[in-house]
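Enquirer: Input: one structure, supplied below.
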Protein chains: 4
Amino acid sequence: MKVIRVGLIGTGYMGKAHAIAFKTAPAVFPLSAKLVCEMVAEVDADIAAEKAEELGFNRSTGDWQQLVNDPDIDVVDICSPNYLHKKMALAAIAAGKHVYSEKPLALNAADALEMTLAAEKAGVKTLVGFNYAKNPTLQLAKEIIEQGELGDIVHFRGTFNEDYLADANTPFSWRLKRQFSGSGALGDLGSHIINLAQYLIAPINELCADSQTVHVNRPLNGQPDQYDTVENDDQMHMMLRFANGAIGTIESSRIAWGRKNSLWFEINGTKGSLIYDQERLSELQLFKPEGPSDRHGFKRILTGPEHPDYQHFCVSAGHGLGYNDMKTVEVRDLVEGLAGNKPLWPDFRAAYSVNVILDAAEQSCKDRCWITVDRDAQVLPKNNKKSVQSSDQ
Amino acid sequence: MKVIRVGLIGTGYMGKAHAIAFKTAPAVFPLSAKLVCEMVAEVDADIAAEKAEELGFNRSTGDWQQLVNDPDIDVVDICSPNYLHKKMALAAIAAGKHVYSEKPLALNAADALEMTLAAEKAGVKTLVGFNYAKNPTLQLAKEIIEQGELGDIVHFRGTFNEDYLADANTPFSWRLKRQFSGSGALGDLGSHIINLAQYLIAPINELCADSQTVHVNRPLNGQPDQYDTVENDDQMHMMLRFANGAIGTIESSRIAWGRKNSLWFEINGTKGSLIYDQERLSELQLFKPEGPSDRHGFKRILTGPEHPDYQHFCVSAGHGLGYNDMKTVEVRDLVEGLAGNKPLWPDFRAAYSVNVILDAAEQSCKDRCWITVDRDAQVLPKNNKKSVQSSDQ
Amino acid sequence: MKVIRVGLIGTGYMGKAHAIAFKTAPAVFPLSAKLVCEMVAEVDADIAAEKAEELGFNRSTGDWQQLVNDPDIDVVDICSPNYLHKKMALAAIAAGKHVYSEKPLALNAADALEMTLAAEKAGVKTLVGFNYAKNPTLQLAKEIIEQGELGDIVHFRGTFNEDYLADANTPFSWRLKRQFSGSGALGDLGSHIINLAQYLIAPINELCADSQTVHVNRPLNGQPDQYDTVENDDQMHMMLRFANGAIGTIESSRIAWGRKNSLWFEINGTKGSLIYDQERLSELQLFKPEGPSDRHGFKRILTGPEHPDYQHFCVSAGHGLGYNDMKTVEVRDLVEGLAGNKPLWPDFRAAYSVNVILDAAEQSCKDRCWITVDRDAQVLPKNNKKSVQSSDQ
Amino acid sequence: MKVIRVGLIGTGYMGKAHAIAFKTAPAVFPLSAKLVCEMVAEVDADIAAEKAEELGFNRSTGDWQQLVNDPDIDVVDICSPNYLHKKMALAAIAAGKHVYSEKPLALNAADALEMTLAAEKAGVKTLVGFNYAKNPTLQLAKEIIEQGELGDIVHFRGTFNEDYLADANTPFSWRLKRQFSGSGALGDLGSHIINLAQYLIAPINELCADSQTVHVNRPLNGQPDQYDTVENDDQMHMMLRFANGAIGTIESSRIAWGRKNSLWFEINGTKGSLIYDQERLSELQLFKPEGPSDRHGFKRILTGPEHPDYQHFCVSAGHGLGYNDMKTVEVRDLVEGLAGNKPLWPDFRAAYSVNVILDAAEQSCKDRCWITVDRDAQVLPKNNKKSVQSSDQ
């Protein structure tokens, strides 16, 4: 049996989520290859050693470049802050390693494209951690749409709202600086719902966005009366036109009090509708005008063993999957992709398409106009914005 | 006790809803005047007589102008199709009658303004039937916001979706022609949520909208293989900037399968959030970060006698009000306004402000740009649109 | 057109609810007779006059016996406290009047039977105000069950919980004394869910009940440090065996914090299930294992014009009916029944069957054993309890 | 670091769930000992070998007695059918091994007591797989109750309903024979909700139960026109009196169409209420009459890192745990218990108390009377039933 040796860079909460999935996946799924948790890299050798012990990896290093170049690493797993993704991925690709990176892939589309082209040229495989798309409930949504059960899709309304920065007194962090994080709610949360919108409906052709930073200054942690300036958006929304003719909106906020994981969408087609709310991630609401009309209603489907991937976790319907289970499916995809049996999705190119939308949204907020998305651009030219306006303007 | 004699024009489902409310209101509320259901006007004298009998009115006429000019009518209640509101209201105003009109007030803002100015000049009182704002649950929402319980309001997301035209085979009707109905989902449904947005948050300063007609041709009822062309929007959405600094979105659709009365909104403030769904019209969900954070959660408030107006309907909480009850509150407002005790809201001027938004939204859809709303215009000038766009700024 | 002149005894909140329905029903429904609000009786002539004015009745009296014997009264509507129902109903029957009484019909089954036999002998018509059964949503539930859509019904779980006495400091009232109110939560709330259980499923053949008074002493209103002793149950539940073979449970509580109108049931049949929650009284949840099993789920049906009676209130689905609308349907039934067109339900005999269950439940609580319900008894004999116990009996 | 070597007997879906948890727990939690998946026993050596490979165990055997007596096994994990629990546990105890057994512990209380006494005498540690009690949401419920936030608990209504046998054509299986499974819905599902009731409220002192087998004959799989007779209950309910004075009901059904995992309860106390529905296992609804009464409502708490154990799975609130995560917490408890740091719960004695209730419920169904639970009995005597009945009986 083929062996896949993983090198993990970064052991914050996302690194830990990956580690859990590496341990869990082989117990849940029959895998085509044996996963080995080989090496951990952290900013410091001591921390790395401690984390390797804690997370069940064989070796550790305080130098991520050593990990990237280690001959016994097959795939480099990047769980570092966003601004480091590019540098690490390019190094891994240069070393001929497959790359499994957290999202968003890069701070902007140009970087994402550079990474994509490098990986494609090197012939290494890539996977980006848009884990929510791996939820069996969302695979079911995809199946329902692809089988035409909703007819032609005509509308999408999606949100991804949380409240982790709703309190004006929550201290400043690296996420609030553009150089480290890129955009705010847009990139951090919006990237997930953008990825899902394009996955479930069609590529986004045009958009018009607006955004706002509500809490402009935040206190510096442990430094009384000291504040720093927030550089990216607290809340954002945009109107969309999809390639299939559907229209829609996307919204994301990190200041929506009470929302903890409100990745929410409603999809309307000519033959039915779907509703999903990730705070209840094992439910899907489906409306189809079937049978006598006085018995119509939204149907609450609880995900179960008849739906994609669920049976490997549990044989009984409605018993519920959790956050980490989605990562487990993602790792199964990684293993099967690397073992050669199926294509990986979303790879760098798919993730690049999300970065293109993020950039277009920021451009639209700045220019206050509709933007035509140029998905075929090899690099995003400075002048690519083509606002579609009335003929006389 | 003062007497208020009502003349009702139009006895379709909305006319009947008014008639129910005229009968119910005096039993529910202590009123400052006595309501008399005096006269009904319909397109034909026989129908009018039959409807007067059915709805409990004293007299009837086949000529609405006769009703408008009858000396024993104090207030003219206009429940005719939208395109007739203007003509009838102007006639009633000319005859010195108070006017109670269904929404939307007019087919466009210019007409609405003309009606508003006429009423103000004549000194008659006016009320427009945005009945949903009368729901005790929404009065509670207003109270919560006004008392600052949510802090500064920073975001509004509202929809009003139904599925009454979701079936492509639903026959053509007058609502689908611009000359009779004006815009489609925007005017019919969107006007309600626009009214609520401005009522609950603040006037809308800027907007950018998009819309779509999905089912372009519809069969003519009873005429096999004959179709007519739909002239207005099946679905519409817009981004908003409010006068208080909040941003938001509004959506309306008449083709959203499964949605029967989905007037839905979520409001985020700096200190809390509110959610309302009119399919559960006696519930309000409130989140406030009070007390220990491990006990936080959205609270589902069931409207009861401690909330505005509810106690007149029922002494027990959670027993539920219905669609007609909101009209009953509206009629109470009408009576109290005409009896001189309180101002009427929404009057023609407030309804005009909704028409201004409807026009701006249509302009924005056409021009594909942001529109600055000119609320102070006496008439909407052709050149008022100030799209805020890219390159030249 | 026939005229039905109503005499209303009692103008508390229930009397007002009746008055609202008398005014509303003719506007909502096409009725076979003309309703006249003729006379109000109250404990005092002045109060009666004031209430007649307020509720829109022609005449008033401080002596209910005068009302009962007035030749211009066709139906006596009894909205007085429970302990007075019997005396007033018997007087009305003796005067040859039809009787419309609030529930529970009597303080015990023997009284209810006496009233039933008197009405049947006199040939007057009767109706008892189990208004919740009139909800279009519950009429739909009945239709679904009767058409066999759920197969054979095998289980019923019903509750009717509120929290109006959950606070230990809520003052003493007449409802807490057996001589005025009979049982507590059992009779006040439980009677509704018992009526529904027998309406929707089948007569109850056997039961075993338990109950409890949690707050035994309550403060006397306005009398510091004075308490009185609560004589009836705060919470009650029972196990049931129905005549059709189904089993089930019923629970009612007046101290269930947070429950405002939780008349709730779940019904399981061999082919499907139903769920109803009166805090959302225009929704019914239906599960039928139809179509592919990976699309199964509870369907949330919003009541609309295709369901019983709804269309008279509103032409659009999902717009919601309220508490008073159920009384309006009840009054329509009263009018149609008295006008000769249809049987009245629930009449005194049907209401008597609820009192039989209430008595059996109290007996079971006292004797701590199963009780076989003797529905055919003309009077409930002292020794009718037949506890079904272990094999040796 | 101490090492704990697990021997797993049985690799059906429950054995797999344990295996997943053995792999996941060390990645999720900091553990006080190292878990080693040492050996698998199955009915056949080949199957055992295959399963050991699949589930990640070092060794395998076709003879469970060999596993039990293997010197390199520290804890025997019993995931075999219910009727084998006793034999295997006694053998493991005799071999001085700790025992981790699935629920229900035994087919009756006498067996459970024998197992309990054996374990206590041998001084081995035990844990029984009532995994649902390990849910952080339920640990939160426990905390809320223990801190007195609900005041005195006065009522509990719990269900555990599924529909895995709702279809009359679902084939016969071992679960339907008393000798292999004991009772039906009562033991399989009811044992969970009984365990929770005693965990959250208090020991059960008295009960009165009823049950029913609805589908008496079921087809034999693969044998056309052949049927076998179902020997245990399809649905069951009981009334309870708890040691703290609270009353309540419990219901379980395996034929409740549409219910997939409806372990549901509502708890009322003198100061508040709690609602839990395991189909939404990361939510808890809490009502407390705090603050102004016009802002009261049930609060929907989404479990998060501030609640017990959650933070080890995820740092963000509301991201949702799943079915397998509860087993992971259970395995953490196992490890910490065996490593000496904390008591194990529920151990055999606690599980025995569930079996006592199961037996009492069956007795009550048979004798149709109230049963006083004799929790202190060392063995359940034949004549322990003390039906509490009316004085003259």
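Identifiers for the structure tokens are assigned positionally: chains receive A, B, ... in sequence, residues are indexed from 1 per chain, and ligands are indexed from 1 in the order shown.
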Given only C-alpha atoms, how would the per-residue table for chain B near chain D read, listing every residue at most 6 Å away with its closest atom pair and distance in Å to one decimal, sorted by chain and number, as a Markdown table?

Expert:
| residue | atom | partner | partner_atom | distance |
| --- | --- | --- | --- | --- |
| B:Asp294 | CA | D:Glu306 | CA | 5.8 |
| B:Gly297 | CA | D:Ile301 | CA | 4.5 |
| B:Phe298 | CA | D:Lys299 | CA | 5.3 |
| B:Lys299 | CA | D:Lys299 | CA | 4.0 |
| B:Arg300 | CA | D:Gly297 | CA | 4.9 |
| B:Ile301 | CA | D:Gly297 | CA | 4.5 |
| B:Glu306 | CA | D:Asp294 | CA | 5.8 |

Enquirer: Those same residues, written as an mmCIF file, in the first residue's frame with C-alpha atoms?

Expert:
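Written file, again-v6.cif:
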data_model
loop_
_atom_site.group_PDB
_atom_site.id
_atom_site.type_symbol
_atom_site.label_atom_id
_atom_site.label_comp_id
_atom_site.auth_asym_id
_atom_site.auth_seq_id
_atom_site.Cartn_x
_atom_site.Cartn_y
_atom_site.Cartn_z
ATOM 1 C CA ASP B 294 -21.695 30.993 28.111
ATOM 2 C CA GLY B 297 -28.087 32.955 22.563
ATOM 3 C CA PHE B 298 -30.875 34.273 20.387
ATOM 4 C CA LYS B 299 -33.992 34.626 22.498
ATOM 5 C CA ARG B 300 -37.330 33.783 20.910
ATOM 6 C CA ILE B 301 -39.832 36.331 22.186
ATOM 7 C CA GLU B 306 -47.013 43.416 27.501
#

Enquirer: I want to know what sits within 9 Å of D:Asp210, based on only C-alpha atoms, with residues of the same chain fewer than 6 positions away left out; could you give that as a short mmCIF file (atom, residue, chain, number, x, y, z; two decimals) with N, CA, C and O atoms, in the first residue's frame?

Expert:
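Resulting contents of part26.cif:
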data_model
loop_
_atom_site.label_atom_id
_atom_site.label_comp_id
_atom_site.auth_asym_id
_atom_site.auth_seq_id
_atom_site.Cartn_x
_atom_site.Cartn_y
_atom_site.Cartn_z
N MET C 239 -51.17 8.41 30.91
CA MET C 239 -51.00 7.48 29.79
C MET C 239 -52.38 7.05 29.32
O MET C 239 -53.31 6.93 30.13
N LEU C 240 -52.50 6.82 28.03
CA LEU C 240 -53.81 6.56 27.43
C LEU C 240 -53.80 5.29 26.59
O LEU C 240 -52.77 4.92 26.00
N ILE C 247 -51.88 3.94 21.59
CA ILE C 247 -51.56 4.36 22.95
C ILE C 247 -51.04 5.78 22.91
O ILE C 247 -50.78 6.32 21.82
N GLN D 235 -43.03 0.35 20.90
CA GLN D 235 -43.17 1.68 21.52
C GLN D 235 -43.55 1.51 22.98
O GLN D 235 -44.23 0.55 23.34
N MET D 236 -43.10 2.45 23.78
CA MET D 236 -43.22 2.31 25.23
C MET D 236 -43.27 3.70 25.84
O MET D 236 -42.64 4.63 25.32
N HIS D 237 -44.04 3.88 26.89
CA HIS D 237 -43.92 5.11 27.67
C HIS D 237 -44.20 4.82 29.13
O HIS D 237 -44.77 3.80 29.47
N MET D 238 -43.76 5.75 29.96
CA MET D 238 -43.95 5.55 31.40
C MET D 238 -44.06 6.90 32.11
O MET D 238 -43.55 7.91 31.62
N ALA D 361 -40.01 -1.28 34.48
CA ALA D 361 -40.94 -0.85 33.43
C ALA D 361 -41.62 -2.05 32.81
O ALA D 361 -42.84 -2.05 32.58
N GLU D 362 -40.86 -3.10 32.55
CA GLU D 362 -41.48 -4.29 31.98
C GLU D 362 -42.48 -4.91 32.95
O GLU D 362 -43.55 -5.37 32.56
N SER D 364 -44.15 -3.31 35.17
CA SER D 364 -45.32 -2.43 35.23
C SER D 364 -46.22 -2.63 34.01
O SER D 364 -47.44 -2.63 34.13
N CYS D 365 -45.61 -2.81 32.86
CA CYS D 365 -46.41 -3.06 31.65
C CYS D 365 -47.21 -4.34 31.81
O CYS D 365 -48.36 -4.42 31.39
N LYS D 366 -46.58 -5.33 32.39
CA LYS D 366 -47.23 -6.63 32.54
C LYS D 366 -48.34 -6.57 33.59
O LYS D 366 -49.46 -7.04 33.36
N ARG D 368 -49.66 -3.80 34.87
CA ARG D 368 -50.53 -2.62 34.73
C ARG D 368 -50.72 -1.90 36.07
O ARG D 368 -51.83 -1.62 36.50
#

Enquirer: Might you pull out every residue within 7 Å of stretch 56-62 of chain D, with only C-alpha atoms counted and same-chain residues fewer than 2 positions away left off, and present them as a CSV table (one decimal) with N, CA, C and O atoms, in the first residue's frame?

Expert:
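In the end it all went to part_3.csv:
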chain,number,residue,atom,x,y,z
A,27,ALA,N,-9.6,5.7,10.2
A,27,ALA,CA,-10.5,4.9,11.0
A,27,ALA,C,-11.9,5.0,10.4
A,27,ALA,O,-12.7,4.0,10.5
D,37,CYS,N,-4.1,0.6,20.3
D,37,CYS,CA,-5.2,-0.3,19.7
D,37,CYS,C,-4.5,-1.7,19.5
D,37,CYS,O,-3.9,-1.9,18.5
D,38,GLU,N,-4.7,-2.6,20.5
D,38,GLU,CA,-3.8,-3.7,20.5
D,38,GLU,C,-4.4,-4.9,19.8
D,38,GLU,O,-3.7,-5.6,19.0
D,39,MET,N,-5.6,-5.3,20.1
D,39,MET,CA,-6.2,-6.5,19.5
D,39,MET,C,-7.7,-6.4,19.2
D,39,MET,O,-8.4,-5.8,19.9
D,40,VAL,N,-8.1,-7.1,18.1
D,40,VAL,CA,-9.5,-7.2,17.8
D,40,VAL,C,-9.9,-8.6,17.8
D,40,VAL,O,-9.2,-9.5,17.4
D,41,ALA,N,-11.1,-8.9,18.4
D,41,ALA,CA,-11.7,-10.2,18.3
D,41,ALA,C,-12.9,-10.2,17.5
D,41,ALA,O,-13.8,-9.3,17.6
D,42,GLU,N,-13.0,-11.2,16.6
D,42,GLU,CA,-14.3,-11.3,15.8
D,42,GLU,C,-14.7,-12.8,15.8
D,42,GLU,O,-13.9,-13.6,16.3
D,43,VAL,N,-15.8,-13.1,15.2
D,43,VAL,CA,-16.3,-14.5,15.2
D,43,VAL,C,-15.4,-15.4,14.4
D,43,VAL,O,-15.5,-16.6,14.5
D,44,ASP,N,-14.5,-14.9,13.6
D,44,ASP,CA,-13.8,-15.7,12.7
D,44,ASP,C,-12.4,-15.0,12.5
D,44,ASP,O,-12.3,-13.8,12.5
D,45,ALA,N,-11.4,-15.8,12.5
D,45,ALA,CA,-10.0,-15.2,12.5
D,45,ALA,C,-9.7,-14.4,11.2
D,45,ALA,O,-9.0,-13.3,11.3
D,48,ALA,N,-11.5,-11.1,11.6
D,48,ALA,CA,-10.8,-10.4,12.7
D,48,ALA,C,-9.5,-9.7,12.1
D,48,ALA,O,-9.2,-8.5,12.4
D,49,ALA,N,-8.8,-10.4,11.3
D,49,ALA,CA,-7.6,-9.9,10.7
D,49,ALA,C,-7.9,-8.7,9.8
D,49,ALA,O,-7.2,-7.7,9.9
D,52,ALA,N,-8.9,-5.8,11.9
D,52,ALA,CA,-7.8,-5.2,12.6
D,52,ALA,C,-7.0,-4.2,11.7
D,52,ALA,O,-6.6,-3.1,12.0
D,53,GLU,N,-6.8,-4.7,10.5
D,53,GLU,CA,-6.1,-3.9,9.5
D,53,GLU,C,-6.9,-2.6,9.2
D,53,GLU,O,-6.4,-1.5,9.2
D,54,GLU,N,-8.2,-2.8,9.0
D,54,GLU,CA,-9.1,-1.7,8.6
D,54,GLU,C,-9.2,-0.7,9.7
D,54,GLU,O,-9.2,0.5,9.5
D,64,TRP,N,-12.7,-14.7,21.2
D,64,TRP,CA,-12.7,-13.5,22.1
D,64,TRP,C,-12.1,-13.9,23.5
D,64,TRP,O,-11.6,-13.0,24.2
D,67,LEU,N,-8.5,-13.1,23.5
D,67,LEU,CA,-8.3,-11.6,23.7
D,67,LEU,C,-8.4,-11.3,25.2
D,67,LEU,O,-7.6,-10.6,25.8

Enquirer: With only C-alpha atoms as the atoms that count, which of D:Leu113, D:Ile145, D:Met326, D:Ala17 lies nearest to A:His312?

Expert: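 Smallest distance to A:His312 is found for D:Ala17.
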
Enquirer: Just give me the gap between atom CA of B:Gly10 and atom CA of B:Val76 in Å, one decimal is fine.

Expert: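 Computing it gives 10.8 Å between the two atoms.
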
Enquirer: Go through D:Val315, D:Ile371, D:Ile9, D:Ala106 and flag the residue nearest A:Asn261, using only C-alpha atoms for the distances.

Expert: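 The answer is D:Val315, which sits nearest to A:Asn261.
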
Enquirer: Pick out the closest residue to A:Ile255 from this set: A:Gln65, A:Ser353, A:Thr170, A:Asn195. Count only C-alpha atoms.

Expert: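 Checking each candidate against A:Ile255, we get A:Thr170 as the closest.
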
Enquirer: Using only C-alpha atoms, which residues sit within 9 Å of B:Lys97 once same-chain residues fewer than 6 positions away are excluded, as a list in words?

Expert: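 Residues meeting the cut-off are Val68, Asn69, Ile73, Asp74, Val75, Val76, Ala91, Val124 and Lys125 of chain B.
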
Enquirer: Just the residues within 6 Å of stretch 214-218 of chain C, please, counting only C-alpha atoms, with nothing from its chain fewer than 3 positions along; format it as a count of residues only.

Expert: 6

Enquirer: Within stretch 101-343 of chain A, find each residue whose DSSP state, derived from the backbone, is helix (DSSP H, G or I), and express the selection as a PDB file with C-alpha atoms, in the first residue's frame.

Expert:
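Final output, saved to selection.pdb:
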ATOM      1  CA  ALA A 109      -5.513  36.912  -7.085  1.00  0.00           C
ATOM      2  CA  ALA A 110      -2.142  37.684  -8.629  1.00  0.00           C
ATOM      3  CA  ASP A 111      -0.367  35.723  -5.920  1.00  0.00           C
ATOM      4  CA  ALA A 112      -2.887  32.905  -6.183  1.00  0.00           C
ATOM      5  CA  LEU A 113      -2.351  32.753  -9.908  1.00  0.00           C
ATOM      6  CA  GLU A 114       1.410  32.658  -9.505  1.00  0.00           C
ATOM      7  CA  MET A 115       1.045  29.759  -7.097  1.00  0.00           C
ATOM      8  CA  THR A 116      -1.408  27.982  -9.397  1.00  0.00           C
ATOM      9  CA  LEU A 117       0.842  28.310 -12.422  1.00  0.00           C
ATOM     10  CA  ALA A 118       3.860  27.113 -10.454  1.00  0.00           C
ATOM     11  CA  ALA A 119       2.019  24.017  -9.231  1.00  0.00           C
ATOM     12  CA  GLU A 120       0.666  23.212 -12.671  1.00  0.00           C
ATOM     13  CA  LYS A 121       4.094  23.623 -14.225  1.00  0.00           C
ATOM     14  CA  ALA A 122       5.704  21.426 -11.595  1.00  0.00           C
ATOM     15  CA  ASN A 131     -13.694  22.223   4.248  1.00  0.00           C
ATOM     16  CA  TYR A 132     -17.335  23.270   4.436  1.00  0.00           C
ATOM     17  CA  ALA A 133     -17.909  22.087   0.872  1.00  0.00           C
ATOM     18  CA  LYS A 134     -17.046  18.575   2.077  1.00  0.00           C
ATOM     19  CA  PRO A 136     -22.275  15.453   3.222  1.00  0.00           C
ATOM     20  CA  THR A 137     -25.229  17.834   3.518  1.00  0.00           C
ATOM     21  CA  LEU A 138     -23.658  20.123   0.943  1.00  0.00           C
ATOM     22  CA  GLN A 139     -22.678  17.232  -1.264  1.00  0.00           C
ATOM     23  CA  LEU A 140     -26.360  16.329  -1.152  1.00  0.00           C
ATOM     24  CA  ALA A 141     -27.255  19.900  -2.104  1.00  0.00           C
ATOM     25  CA  LYS A 142     -24.879  19.635  -5.041  1.00  0.00           C
ATOM     26  CA  GLU A 143     -26.436  16.332  -6.094  1.00  0.00           C
ATOM     27  CA  ILE A 144     -29.955  17.758  -5.915  1.00  0.00           C
ATOM     28  CA  ILE A 145     -28.952  20.696  -8.082  1.00  0.00           C
ATOM     29  CA  GLU A 146     -26.954  18.671 -10.601  1.00  0.00           C
ATOM     30  CA  TRP A 174      -2.986  40.375  12.847  1.00  0.00           C
ATOM     31  CA  ARG A 175      -6.240  39.610  11.010  1.00  0.00           C
ATOM     32  CA  LEU A 176      -7.027  43.307  10.985  1.00  0.00           C
ATOM     33  CA  ARG A 178      -4.039  44.047   5.226  1.00  0.00           C
ATOM     34  CA  GLN A 179      -0.437  42.884   4.840  1.00  0.00           C
ATOM     35  CA  PHE A 180      -1.064  39.826   6.992  1.00  0.00           C
ATOM     36  CA  SER A 181      -4.664  38.961   6.188  1.00  0.00           C
ATOM     37  CA  ALA A 185     -14.828  39.462   6.655  1.00  0.00           C
ATOM     38  CA  LEU A 186     -14.695  39.245   2.876  1.00  0.00           C
ATOM     39  CA  GLY A 187     -11.601  37.048   2.746  1.00  0.00           C
ATOM     40  CA  ASP A 188     -11.916  35.211   6.012  1.00  0.00           C
ATOM     41  CA  LEU A 189     -15.600  34.285   5.851  1.00  0.00           C
ATOM     42  CA  GLY A 190     -16.738  35.428   2.434  1.00  0.00           C
ATOM     43  CA  SER A 191     -14.234  33.183   0.676  1.00  0.00           C
ATOM     44  CA  HIS A 192     -16.151  30.135   1.951  1.00  0.00           C
ATOM     45  CA  ILE A 193     -19.533  31.291   0.716  1.00  0.00           C
ATOM     46  CA  ILE A 194     -18.046  32.477  -2.594  1.00  0.00           C
ATOM     47  CA  ASN A 195     -16.490  29.053  -3.075  1.00  0.00           C
ATOM     48  CA  LEU A 196     -19.829  27.391  -2.336  1.00  0.00           C
ATOM     49  CA  ALA A 197     -21.737  29.741  -4.635  1.00  0.00           C
ATOM     50  CA  GLN A 198     -19.468  28.873  -7.547  1.00  0.00           C
ATOM     51  CA  TYR A 199     -19.495  25.180  -6.621  1.00  0.00           C
ATOM     52  CA  LEU A 200     -23.270  24.921  -6.344  1.00  0.00           C
ATOM     53  CA  GLN A 278     -24.453  25.690   8.939  1.00  0.00           C
ATOM     54  CA  GLU A 279     -25.442  26.224  12.558  1.00  0.00           C
ATOM     55  CA  ARG A 280     -27.497  23.091  11.861  1.00  0.00           C
ATOM     56  CA  SER A 293     -50.457  21.493  -3.623  1.00  0.00           C
ATOM     57  CA  ASP A 294     -52.230  21.410  -0.255  1.00  0.00           C
ATOM     58  CA  ARG A 295     -49.472  19.117   0.990  1.00  0.00           C
ATOM     59  CA  TYR A 310     -22.175   9.879   5.784  1.00  0.00           C
ATOM     60  CA  GLN A 311     -22.319   6.094   6.180  1.00  0.00           C
ATOM     61  CA  HIS A 312     -18.608   5.945   6.902  1.00  0.00           C
ATOM     62  CA  PHE A 313     -19.179   8.025  10.025  1.00  0.00           C
ATOM     63  CA  TYR A 323     -17.011  20.443  12.306  1.00  0.00           C
ATOM     64  CA  ASN A 324     -14.068  18.071  12.402  1.00  0.00           C
ATOM     65  CA  ASP A 325     -15.871  15.495  10.274  1.00  0.00           C
ATOM     66  CA  MET A 326     -15.761  17.856   7.316  1.00  0.00           C
ATOM     67  CA  LYS A 327     -11.983  18.027   7.623  1.00  0.00           C
ATOM     68  CA  THR A 328     -11.956  14.230   7.741  1.00  0.00           C
ATOM     69  CA  VAL A 329     -13.722  14.075   4.372  1.00  0.00           C
ATOM     70  CA  GLU A 330     -11.246  16.614   3.049  1.00  0.00           C
ATOM     71  CA  VAL A 331      -8.311  14.456   4.154  1.00  0.00           C
ATOM     72  CA  ARG A 332      -9.955  11.426   2.537  1.00  0.00           C
ATOM     73  CA  ASP A 333     -10.101  13.447  -0.692  1.00  0.00           C
ATOM     74  CA  LEU A 334      -6.447  14.389  -0.259  1.00  0.00           C
ATOM     75  CA  VAL A 335      -5.379  10.788   0.168  1.00  0.00           C
ATOM     76  CA  GLU A 336      -7.469   9.511  -2.715  1.00  0.00           C
ATOM     77  CA  GLY A 337      -6.259  12.322  -4.928  1.00  0.00           C
ATOM     78  CA  LEU A 338      -2.614  11.729  -4.114  1.00  0.00           C
TER      79      LEU A 338
END

Enquirer: Leaving out D:Lys260 and any residue of its chain fewer than 5 positions from it, which residues lie within 7 Å of it when counting only C-alpha atoms, given as JSON, numbers by chain?

Expert: {"A": [317, 318], "D": [162, 163]}
